[in-house]
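Shown next: upload_36.pdb, given as PDB, C-alpha atoms.
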```
ATOM      1  CA  ALA A   1      24.809  32.488 -24.828  1.00  0.00           C
ATOM      2  CA  ALA A   2      28.365  32.786 -26.109  1.00  0.00           C
ATOM      3  CA  ALA A   3      27.133  32.883 -29.706  1.00  0.00           C
ATOM      4  CA  ALA A   4      24.577  35.583 -28.874  1.00  0.00           C
ATOM      5  CA  ALA A   5      27.184  37.697 -27.110  1.00  0.00           C
ATOM      6  CA  ALA A   6      29.623  37.253 -29.978  1.00  0.00           C
ATOM      7  CA  ALA A   7      26.939  38.191 -32.488  1.00  0.00           C
ATOM      8  CA  ALA A   8      26.148  41.311 -30.470  1.00  0.00           C
ATOM      9  CA  GLY A   9      29.853  42.205 -30.358  1.00  0.00           C
ATOM     10  CA  ALA A  10      30.038  41.941 -26.574  1.00  0.00           C
ATOM     11  CA  ALA A  11      32.346  39.797 -24.495  1.00  0.00           C
ATOM     12  CA  ASP A  12      30.663  36.765 -22.971  1.00  0.00           C
ATOM     13  CA  PRO A  13      31.717  36.292 -19.321  1.00  0.00           C
ATOM     14  CA  ALA A  14      31.458  32.525 -19.793  1.00  0.00           C
ATOM     15  CA  ASP A  15      34.088  32.750 -22.537  1.00  0.00           C
ATOM     16  CA  CYS A  16      37.225  33.156 -20.449  1.00  0.00           C
ATOM     17  CA  ALA A  17      39.463  33.679 -23.480  1.00  0.00           C
ATOM     18  CA  GLY A  18      37.223  36.462 -24.804  1.00  0.00           C
ATOM     19  CA  VAL A  19      36.992  38.237 -21.470  1.00  0.00           C
ATOM     20  CA  ARG A  20      40.734  37.842 -20.846  1.00  0.00           C
ATOM     21  CA  GLY A  21      41.529  39.242 -24.288  1.00  0.00           C
ATOM     22  CA  ASP A  22      39.257  42.227 -23.658  1.00  0.00           C
ATOM     23  CA  ALA A  23      40.882  42.824 -20.261  1.00  0.00           C
ATOM     24  CA  LEU A  24      44.398  42.606 -21.674  1.00  0.00           C
ATOM     25  CA  SER A  25      43.622  45.105 -24.418  1.00  0.00           C
ATOM     26  CA  GLY A  26      43.002  47.661 -21.706  1.00  0.00           C
ATOM     27  CA  VAL A  27      40.500  50.446 -21.444  1.00  0.00           C
ATOM     28  CA  THR A  28      41.673  53.861 -22.497  1.00  0.00           C
ATOM     29  CA  LEU A  29      39.720  56.668 -20.892  1.00  0.00           C
ATOM     30  CA  PRO A  30      38.532  59.650 -22.945  1.00  0.00           C
ATOM     31  CA  PRO A  31      40.223  63.038 -22.507  1.00  0.00           C
ATOM     32  CA  TYR A  32      40.061  64.352 -18.961  1.00  0.00           C
ATOM     33  CA  SER A  33      37.592  67.034 -17.947  1.00  0.00           C
ATOM     34  CA  LYS A  34      37.545  68.713 -14.532  1.00  0.00           C
ATOM     35  CA  GLU A  35      33.803  67.977 -14.510  1.00  0.00           C
ATOM     36  CA  ASP A  36      34.660  64.254 -14.317  1.00  0.00           C
ATOM     37  CA  GLU A  37      35.634  64.629 -10.670  1.00  0.00           C
ATOM     38  CA  ALA A  38      32.257  66.076  -9.614  1.00  0.00           C
ATOM     39  CA  TRP A  39      30.511  63.386 -11.640  1.00  0.00           C
ATOM     40  CA  LEU A  40      32.520  60.561 -10.050  1.00  0.00           C
ATOM     41  CA  ALA A  41      32.092  61.938  -6.499  1.00  0.00           C
ATOM     42  CA  PHE A  42      28.327  62.131  -7.035  1.00  0.00           C
ATOM     43  CA  MET A  43      28.094  58.656  -8.549  1.00  0.00           C
ATOM     44  CA  LEU A  44      30.028  57.014  -5.725  1.00  0.00           C
ATOM     45  CA  ALA A  45      28.158  58.821  -2.944  1.00  0.00           C
ATOM     46  CA  GLN A  46      24.789  58.013  -4.530  1.00  0.00           C
ATOM     47  CA  TYR A  47      25.780  54.384  -4.996  1.00  0.00           C
ATOM     48  CA  LEU A  48      26.884  53.998  -1.364  1.00  0.00           C
ATOM     49  CA  ASP A  49      23.792  55.780  -0.025  1.00  0.00           C
ATOM     50  CA  GLU A  50      21.478  53.613  -2.103  1.00  0.00           C
ATOM     51  CA  GLU A  51      23.334  50.345  -1.578  1.00  0.00           C
ATOM     52  CA  TRP A  52      23.726  50.700   2.186  1.00  0.00           C
ATOM     53  CA  LEU A  53      22.238  53.671   4.023  1.00  0.00           C
ATOM     54  CA  GLU A  54      22.757  57.379   3.776  1.00  0.00           C
ATOM     55  CA  GLN A  55      25.853  58.484   5.655  1.00  0.00           C
ATOM     56  CA  PRO A  56      27.768  61.774   5.458  1.00  0.00           C
ATOM     57  CA  VAL A  57      30.998  59.789   5.033  1.00  0.00           C
ATOM     58  CA  HIS A  58      29.831  58.616   1.602  1.00  0.00           C
ATOM     59  CA  GLN A  59      30.141  62.125   0.170  1.00  0.00           C
ATOM     60  CA  LYS A  60      33.641  62.418   1.651  1.00  0.00           C
ATOM     61  CA  ILE A  61      34.659  59.051   0.183  1.00  0.00           C
ATOM     62  CA  GLY A  62      33.293  60.058  -3.217  1.00  0.00           C
ATOM     63  CA  GLU A  63      35.198  63.338  -3.101  1.00  0.00           C
ATOM     64  CA  ALA A  64      38.438  61.610  -2.041  1.00  0.00           C
ATOM     65  CA  ALA A  65      38.179  59.011  -4.817  1.00  0.00           C
ATOM     66  CA  ALA A  66      37.364  61.724  -7.347  1.00  0.00           C
ATOM     67  CA  LYS A  67      40.371  63.792  -6.223  1.00  0.00           C
ATOM     68  CA  LEU A  68      42.645  60.778  -6.675  1.00  0.00           C
ATOM     69  CA  TYR A  69      41.106  60.200 -10.096  1.00  0.00           C
ATOM     70  CA  GLY A  70      41.833  63.825 -11.026  1.00  0.00           C
ATOM     71  CA  GLU A  71      45.414  63.590  -9.786  1.00  0.00           C
ATOM     72  CA  SER A  72      45.996  60.468 -11.843  1.00  0.00           C
ATOM     73  CA  ARG A  73      44.458  61.966 -14.989  1.00  0.00           C
ATOM     74  CA  ASN A  74      46.336  65.262 -14.531  1.00  0.00           C
ATOM     75  CA  ALA A  75      49.551  63.237 -14.288  1.00  0.00           C
ATOM     76  CA  GLY A  76      48.807  61.976 -17.801  1.00  0.00           C
ATOM     77  CA  GLU A  77      47.248  58.591 -17.042  1.00  0.00           C
ATOM     78  CA  ASP A  78      44.518  57.488 -19.412  1.00  0.00           C
ATOM     79  CA  ASP A  79      44.711  53.727 -18.819  1.00  0.00           C
ATOM     80  CA  LEU A  80      41.856  52.622 -16.564  1.00  0.00           C
ATOM     81  CA  VAL A  81      43.998  50.049 -14.740  1.00  0.00           C
ATOM     82  CA  ALA A  82      46.579  52.691 -13.790  1.00  0.00           C
ATOM     83  CA  VAL A  83      43.850  55.080 -12.639  1.00  0.00           C
ATOM     84  CA  LEU A  84      42.183  52.263 -10.684  1.00  0.00           C
ATOM     85  CA  ALA A  85      45.480  51.457  -8.945  1.00  0.00           C
ATOM     86  CA  LYS A  86      45.997  55.119  -7.977  1.00  0.00           C
ATOM     87  CA  MET A  87      42.496  55.306  -6.491  1.00  0.00           C
ATOM     88  CA  SER A  88      42.751  51.965  -4.720  1.00  0.00           C
ATOM     89  CA  TYR A  89      46.142  52.595  -3.119  1.00  0.00           C
ATOM     90  CA  GLY A  90      45.354  56.243  -2.399  1.00  0.00           C
ATOM     91  CA  LEU A  91      42.095  55.407  -0.638  1.00  0.00           C
ATOM     92  CA  LYS A  92      43.770  52.583   1.269  1.00  0.00           C
ATOM     93  CA  ASP A  93      46.521  54.936   2.485  1.00  0.00           C
ATOM     94  CA  MET A  94      44.064  57.551   3.774  1.00  0.00           C
ATOM     95  CA  TRP A  95      41.170  55.296   4.859  1.00  0.00           C
ATOM     96  CA  ASN A  96      41.645  55.216   8.643  1.00  0.00           C
ATOM     97  CA  ALA A  97      43.003  58.737   9.086  1.00  0.00           C
ATOM     98  CA  ALA A  98      40.168  60.203   6.986  1.00  0.00           C
ATOM     99  CA  GLY A  99      37.545  58.464   9.135  1.00  0.00           C
ATOM    100  CA  PHE A 100      36.171  56.324   6.301  1.00  0.00           C
ATOM    101  CA  THR A 101      36.015  53.169   8.453  1.00  0.00           C
ATOM    102  CA  GLU A 102      32.308  53.645   9.178  1.00  0.00           C
ATOM    103  CA  ALA A 103      31.506  52.857   5.526  1.00  0.00           C
ATOM    104  CA  PHE A 104      30.309  49.361   4.690  1.00  0.00           C
ATOM    105  CA  GLU A 105      32.668  49.024   1.713  1.00  0.00           C
ATOM    106  CA  GLY A 106      36.422  49.341   1.701  1.00  0.00           C
ATOM    107  CA  PRO A 107      38.900  51.262  -0.436  1.00  0.00           C
ATOM    108  CA  VAL A 108      39.385  48.555  -3.068  1.00  0.00           C
ATOM    109  CA  ASP A 109      35.615  48.088  -3.406  1.00  0.00           C
ATOM    110  CA  ILE A 110      35.156  51.826  -3.908  1.00  0.00           C
ATOM    111  CA  ALA A 111      37.920  52.030  -6.517  1.00  0.00           C
ATOM    112  CA  ASN A 112      36.459  49.051  -8.379  1.00  0.00           C
ATOM    113  CA  ARG A 113      33.008  50.653  -8.378  1.00  0.00           C
ATOM    114  CA  ALA A 114      34.529  53.884  -9.693  1.00  0.00           C
ATOM    115  CA  ALA A 115      36.147  51.919 -12.517  1.00  0.00           C
ATOM    116  CA  GLU A 116      32.789  50.342 -13.348  1.00  0.00           C
ATOM    117  CA  PHE A 117      31.106  53.743 -13.481  1.00  0.00           C
ATOM    118  CA  LEU A 118      33.865  55.036 -15.744  1.00  0.00           C
ATOM    119  CA  MET A 119      33.476  52.039 -18.045  1.00  0.00           C
ATOM    120  CA  LEU A 120      29.706  52.465 -18.235  1.00  0.00           C
ATOM    121  CA  LYS A 121      30.135  56.171 -18.956  1.00  0.00           C
ATOM    122  CA  ILE A 122      32.186  55.362 -22.046  1.00  0.00           C
ATOM    123  CA  GLY A 123      29.754  52.691 -23.171  1.00  0.00           C
ATOM    124  CA  ARG A 124      31.592  49.580 -22.005  1.00  0.00           C
ATOM    125  CA  GLU A 125      29.903  46.711 -20.185  1.00  0.00           C
ATOM    126  CA  VAL A 126      31.064  45.485 -16.795  1.00  0.00           C
ATOM    127  CA  TRP A 127      31.063  41.814 -15.809  1.00  0.00           C
ATOM    128  CA  SER A 128      31.334  41.661 -12.047  1.00  0.00           C
ATOM    129  CA  TYR A 129      27.970  40.366 -10.892  1.00  0.00           C
ATOM    130  CA  GLY A 130      27.375  36.965 -12.492  1.00  0.00           C
ATOM    131  CA  GLN A 131      23.698  36.215 -12.997  1.00  0.00           C
ATOM    132  CA  SER A 132      22.503  39.585 -11.672  1.00  0.00           C
ATOM    133  CA  ASN A 133      24.780  41.526 -14.028  1.00  0.00           C
ATOM    134  CA  SER A 134      21.983  42.947 -16.220  1.00  0.00           C
ATOM    135  CA  GLU A 135      19.989  44.196 -13.242  1.00  0.00           C
ATOM    136  CA  VAL A 136      23.012  45.840 -11.656  1.00  0.00           C
ATOM    137  CA  GLN A 137      24.040  47.469 -14.928  1.00  0.00           C
ATOM    138  CA  GLU A 138      20.564  48.947 -15.304  1.00  0.00           C
ATOM    139  CA  LYS A 139      20.826  50.416 -11.785  1.00  0.00           C
ATOM    140  CA  LEU A 140      24.242  51.881 -12.568  1.00  0.00           C
ATOM    141  CA  LYS A 141      22.999  53.336 -15.863  1.00  0.00           C
ATOM    142  CA  LYS A 142      20.026  54.827 -13.985  1.00  0.00           C
ATOM    143  CA  ARG A 143      22.498  56.640 -11.738  1.00  0.00           C
ATOM    144  CA  LEU A 144      24.252  58.015 -14.809  1.00  0.00           C
ATOM    145  CA  GLY A 145      20.927  59.454 -15.955  1.00  0.00           C
ATOM    146  CA  GLU A 146      20.221  60.898 -12.506  1.00  0.00           C
ATOM    147  CA  TYR A 147      23.521  62.735 -12.541  1.00  0.00           C
ATOM    148  CA  GLU A 148      22.887  64.171 -15.977  1.00  0.00           C
ATOM    149  CA  ALA A 149      19.402  65.332 -14.908  1.00  0.00           C
ATOM    150  CA  LEU A 150      20.751  67.020 -11.745  1.00  0.00           C
ATOM    151  CA  ARG A 151      23.578  68.652 -13.676  1.00  0.00           C
ATOM    152  CA  ALA A 152      21.149  69.981 -16.286  1.00  0.00           C
ATOM    153  CA  LYS A 153      18.914  71.351 -13.518  1.00  0.00           C
ATOM    154  CA  GLN A 154      21.833  73.111 -11.813  1.00  0.00           C
ATOM    155  CA  THR A 155      23.251  74.631 -15.014  1.00  0.00           C
ATOM    156  CA  GLY A 156      19.904  75.317 -16.700  1.00  0.00           C
TER     157      GLY A 156
END
```
Take the structure in the file and write it out as structure tokens.
Amino acid sequence: AAAAAAAAGAADPADCAGVRGDALSGVTLPPYSKEDEAWLAFMLAQYLDEEWLEQPVHQKIGEAAAKLYGESRNAGEDDLVAVLAKMSYGLKDMWNAAGFTEAFEGPVDIANRAAEFLMLKIGREVWSYGQSNSEVQEKLKKRLGEYEALRAKQTG
């Protein structure tokens, strides 16, 4: 498996040195667009609704995470780890007061999922699901397509 992943140019999660090297090199996000916030809010709300059950709080969580993302990017951050930290700590600080406690995932989970969506959007693979990784990535990529289709419908 490691040889196949290396041949394909992808990091093999079983190769700790390869994955660690990829993580240490960092992920630089593309230039910021205000549209990114709407995209991220949609992706997170859709994920939570599909993964758990539809709840109005999911839209609010998506919007809050997206706002934190925008604040971080507008402050000049383009390193995914720094943006992830801003979202994670920001969500954690507001979680109870904002009424997000009825969600089935917490602030760190939401920030991590946002980071995965951002990585997929720029064509990077995510390695957080072990054996089910391929199936989960296909679901996440499907959501990317759904967003693009809805956006095209609204602007077309």
Residue members of the PyMOL selection byres ((chain A and resi 148) around 12) in the file shown, as JSON, numbers by chain:
{"A": [35, 36, 38, 39, 40, 42, 43, 121, 141, 142, 143, 144, 145, 146, 147, 149, 150, 151, 152, 153, 154, 155, 156]}
Output C-alpha atoms for every residue in the selection just made, as a short mmCIF file (atom, residue, chain, number, x, y, z; two decimals), in the coordinates of the input.
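Now in part-v4.cif:
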```
data_model
loop_
_atom_site.label_atom_id
_atom_site.label_comp_id
_atom_site.auth_asym_id
_atom_site.auth_seq_id
_atom_site.Cartn_x
_atom_site.Cartn_y
_atom_site.Cartn_z
CA GLU A 35 33.80 67.98 -14.51
CA ASP A 36 34.66 64.25 -14.32
CA ALA A 38 32.26 66.08 -9.61
CA TRP A 39 30.51 63.39 -11.64
CA LEU A 40 32.52 60.56 -10.05
CA PHE A 42 28.33 62.13 -7.04
CA MET A 43 28.09 58.66 -8.55
CA LYS A 121 30.14 56.17 -18.96
CA LYS A 141 23.00 53.34 -15.86
CA LYS A 142 20.03 54.83 -13.98
CA ARG A 143 22.50 56.64 -11.74
CA LEU A 144 24.25 58.02 -14.81
CA GLY A 145 20.93 59.45 -15.96
CA GLU A 146 20.22 60.90 -12.51
CA TYR A 147 23.52 62.74 -12.54
CA ALA A 149 19.40 65.33 -14.91
CA LEU A 150 20.75 67.02 -11.74
CA ARG A 151 23.58 68.65 -13.68
CA ALA A 152 21.15 69.98 -16.29
CA LYS A 153 18.91 71.35 -13.52
CA GLN A 154 21.83 73.11 -11.81
CA THR A 155 23.25 74.63 -15.01
CA GLY A 156 19.90 75.32 -16.70
#
```
Report as a list in words the full result of the PyMOL selection byres ((chain A and resi 41) around 10) when it is applied to this structure.
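This file, filtered by the PyMOL selection byres ((chain A and resi 41) around 10), leaves Asp36, Glu37, Ala38, Trp39, Leu40, Phe42, Met43, Leu44, Ala45, Gln46, Tyr47, His58, Gln59, Lys60, Ile61, Gly62, Glu63, Ala64, Ala65, Ala66, Lys67, Tyr69 and Ala114 of chain A.
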Could you please determine the separation between atom CA of Ser33 of chain A and atom CA of Glu125 of chain A in Å, to one decimal place?
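Atom CA of Glu125 of chain A lies 21.8 Å from atom CA of Ser33 of chain A.
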Go through A:Ile122, A:Val136, A:Leu68, A:Leu29 one by one, measure the shortest atom-to-atom distance of each to Asp93 of chain A using only C-alpha atoms, and give the residue with the smallest value.
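Among the listed residues, the smallest separation from Asp93 of chain A belongs to A:Leu68.
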Show which residues sit within 9 Å of Val27 of chain A, as a short mmCIF file (atom, residue, chain, number, x, y, z; two decimals) with C-alpha atoms, in the frame of the given file. Count only C-alpha atoms, and ignore same-chain residues fewer than 6 positions away.
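Result file is part_20.cif:
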```
data_model
loop_
_atom_site.label_atom_id
_atom_site.label_comp_id
_atom_site.auth_asym_id
_atom_site.auth_seq_id
_atom_site.Cartn_x
_atom_site.Cartn_y
_atom_site.Cartn_z
CA ASP A 78 44.52 57.49 -19.41
CA ASP A 79 44.71 53.73 -18.82
CA LEU A 80 41.86 52.62 -16.56
CA VAL A 81 44.00 50.05 -14.74
CA MET A 119 33.48 52.04 -18.05
CA ARG A 124 31.59 49.58 -22.00
#
```
By how many Å are atom CA of Ser72 of chain A and atom CA of Glu54 of chain A apart?
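These two atoms are separated by 28.2 Å.
Between Phe100 of chain A and the candidates A:Glu71, A:Tyr32, A:Gly26, A:Val57, the tightest atom-to-atom separation, counting all atoms listed in the file, involves A:Val57.
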Cut-off 12 Å around (31.7, 48.7, -9.1) with all atoms listed in the file: residues as a VMD selection string
chain A and resid 40 43 to 44 47 to 48 51 84 105 to 120 125 to 129 133 136 to 137 139 to 141
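Going from atom CA of Glu102 of chain A to atom CA of Asp49 of chain A covers 12.7 Å.
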Among listed residues A:Gly99, A:Pro31, A:Gly90, A:Pro56, nearest Arg73 of chain A (using only C-alpha atoms):
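Once distances to Arg73 of chain A are computed over only C-alpha atoms, the minimum belongs to A:Pro31.
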With 5 Å on each side, where is the centre of the axis-aligned box around all listed atoms of segment 29-41 of chain A, and how long are its edges in Å to one decimal, as AutoDock Vina command-line options?
```
--center_x 35.4 --center_y 62.7 --center_z -14.7 --size_x 19.7 --size_y 22.0 --size_z 26.4
```
Which residue out of A:Ala97, A:Ala103, A:Ala82, A:Ala75 has the minimum interatomic distance to Gln55 of chain A when only C-alpha atoms are used?
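Distance minimum relative to Gln55 of chain A lands on A:Ala103.
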As a CSV table (one decimal), in the frame of the given file, could you write out segment 60-71 of chain A once it has been completed with all heavy atoms?
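That gives us rebuild-v7.csv:
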```csv
chain,number,residue,atom,x,y,z
A,60,LYS,N,32.2,62.2,1.5
A,60,LYS,CA,33.6,62.4,1.7
A,60,LYS,C,34.4,61.4,0.9
A,60,LYS,O,35.5,61.7,0.3
A,60,LYS,CB,34.0,62.4,3.1
A,60,LYS,CG,33.4,63.6,3.9
A,60,LYS,CD,33.6,63.5,5.4
A,60,LYS,CE,32.9,64.6,6.1
A,60,LYS,NZ,33.0,64.4,7.6
A,61,ILE,N,34.0,60.1,0.9
A,61,ILE,CA,34.7,59.1,0.2
A,61,ILE,C,34.6,59.3,-1.3
A,61,ILE,O,35.6,59.2,-2.0
A,61,ILE,CB,34.0,57.7,0.5
A,61,ILE,CG1,34.4,57.3,2.0
A,61,ILE,CG2,34.5,56.6,-0.5
A,61,ILE,CD1,33.6,56.1,2.5
A,62,GLY,N,33.4,59.7,-1.8
A,62,GLY,CA,33.3,60.1,-3.2
A,62,GLY,C,34.2,61.2,-3.6
A,62,GLY,O,34.9,61.1,-4.7
A,63,GLU,N,34.3,62.2,-2.8
A,63,GLU,CA,35.2,63.3,-3.1
A,63,GLU,C,36.7,62.9,-3.1
A,63,GLU,O,37.5,63.4,-3.9
A,63,GLU,CB,34.9,64.5,-2.1
A,63,GLU,CG,33.6,65.1,-2.3
A,63,GLU,CD,33.2,66.1,-1.2
A,63,GLU,OE1,33.9,66.2,-0.2
A,63,GLU,OE2,32.1,66.7,-1.3
A,64,ALA,N,37.0,62.1,-2.1
A,64,ALA,CA,38.4,61.6,-2.0
A,64,ALA,C,38.8,60.8,-3.3
A,64,ALA,O,39.9,60.9,-3.9
A,64,ALA,CB,38.7,60.8,-0.8
A,65,ALA,N,37.9,59.8,-3.6
A,65,ALA,CA,38.2,59.0,-4.8
A,65,ALA,C,38.3,59.9,-6.1
A,65,ALA,O,39.1,59.7,-6.9
A,65,ALA,CB,37.1,57.9,-5.0
A,66,ALA,N,37.4,60.8,-6.2
A,66,ALA,CA,37.4,61.7,-7.3
A,66,ALA,C,38.6,62.6,-7.4
A,66,ALA,O,39.2,62.8,-8.5
A,66,ALA,CB,36.1,62.6,-7.3
A,67,LYS,N,39.1,63.0,-6.3
A,67,LYS,CA,40.4,63.8,-6.2
A,67,LYS,C,41.5,62.9,-6.7
A,67,LYS,O,42.4,63.4,-7.5
A,67,LYS,CB,40.6,64.3,-4.8
A,67,LYS,CG,41.8,65.2,-4.7
A,67,LYS,CD,42.0,65.8,-3.3
A,67,LYS,CE,43.1,66.8,-3.2
A,67,LYS,NZ,44.3,66.3,-2.7
A,68,LEU,N,41.6,61.7,-6.2
A,68,LEU,CA,42.6,60.8,-6.7
A,68,LEU,C,42.5,60.5,-8.2
A,68,LEU,O,43.6,60.4,-8.9
A,68,LEU,CB,42.6,59.5,-5.9
A,68,LEU,CG,43.0,59.6,-4.4
A,68,LEU,CD1,42.5,58.3,-3.6
A,68,LEU,CD2,44.5,59.8,-4.2
A,69,TYR,N,41.3,60.4,-8.7
A,69,TYR,CA,41.1,60.2,-10.1
A,69,TYR,C,41.7,61.4,-10.8
A,69,TYR,O,42.4,61.3,-11.8
A,69,TYR,CB,39.6,60.1,-10.4
A,69,TYR,CG,39.3,60.1,-11.8
A,69,TYR,CD1,39.4,59.0,-12.7
A,69,TYR,CD2,38.8,61.3,-12.4
A,69,TYR,CE1,39.1,59.1,-14.0
A,69,TYR,CE2,38.5,61.4,-13.7
A,69,TYR,CZ,38.7,60.3,-14.5
A,69,TYR,OH,38.4,60.4,-15.9
A,70,GLY,N,41.3,62.6,-10.4
A,70,GLY,CA,41.8,63.8,-11.0
A,70,GLY,C,43.3,63.9,-11.0
A,70,GLY,O,44.0,64.3,-12.0
A,71,GLU,N,43.9,63.6,-9.9
A,71,GLU,CA,45.4,63.6,-9.8
A,71,GLU,C,46.0,62.6,-10.8
A,71,GLU,O,47.0,63.0,-11.5
A,71,GLU,CB,45.9,63.2,-8.4
A,71,GLU,CG,45.6,64.3,-7.3
A,71,GLU,CD,45.8,63.8,-5.9
A,71,GLU,OE1,46.3,62.6,-5.7
A,71,GLU,OE2,45.5,64.5,-5.0
```
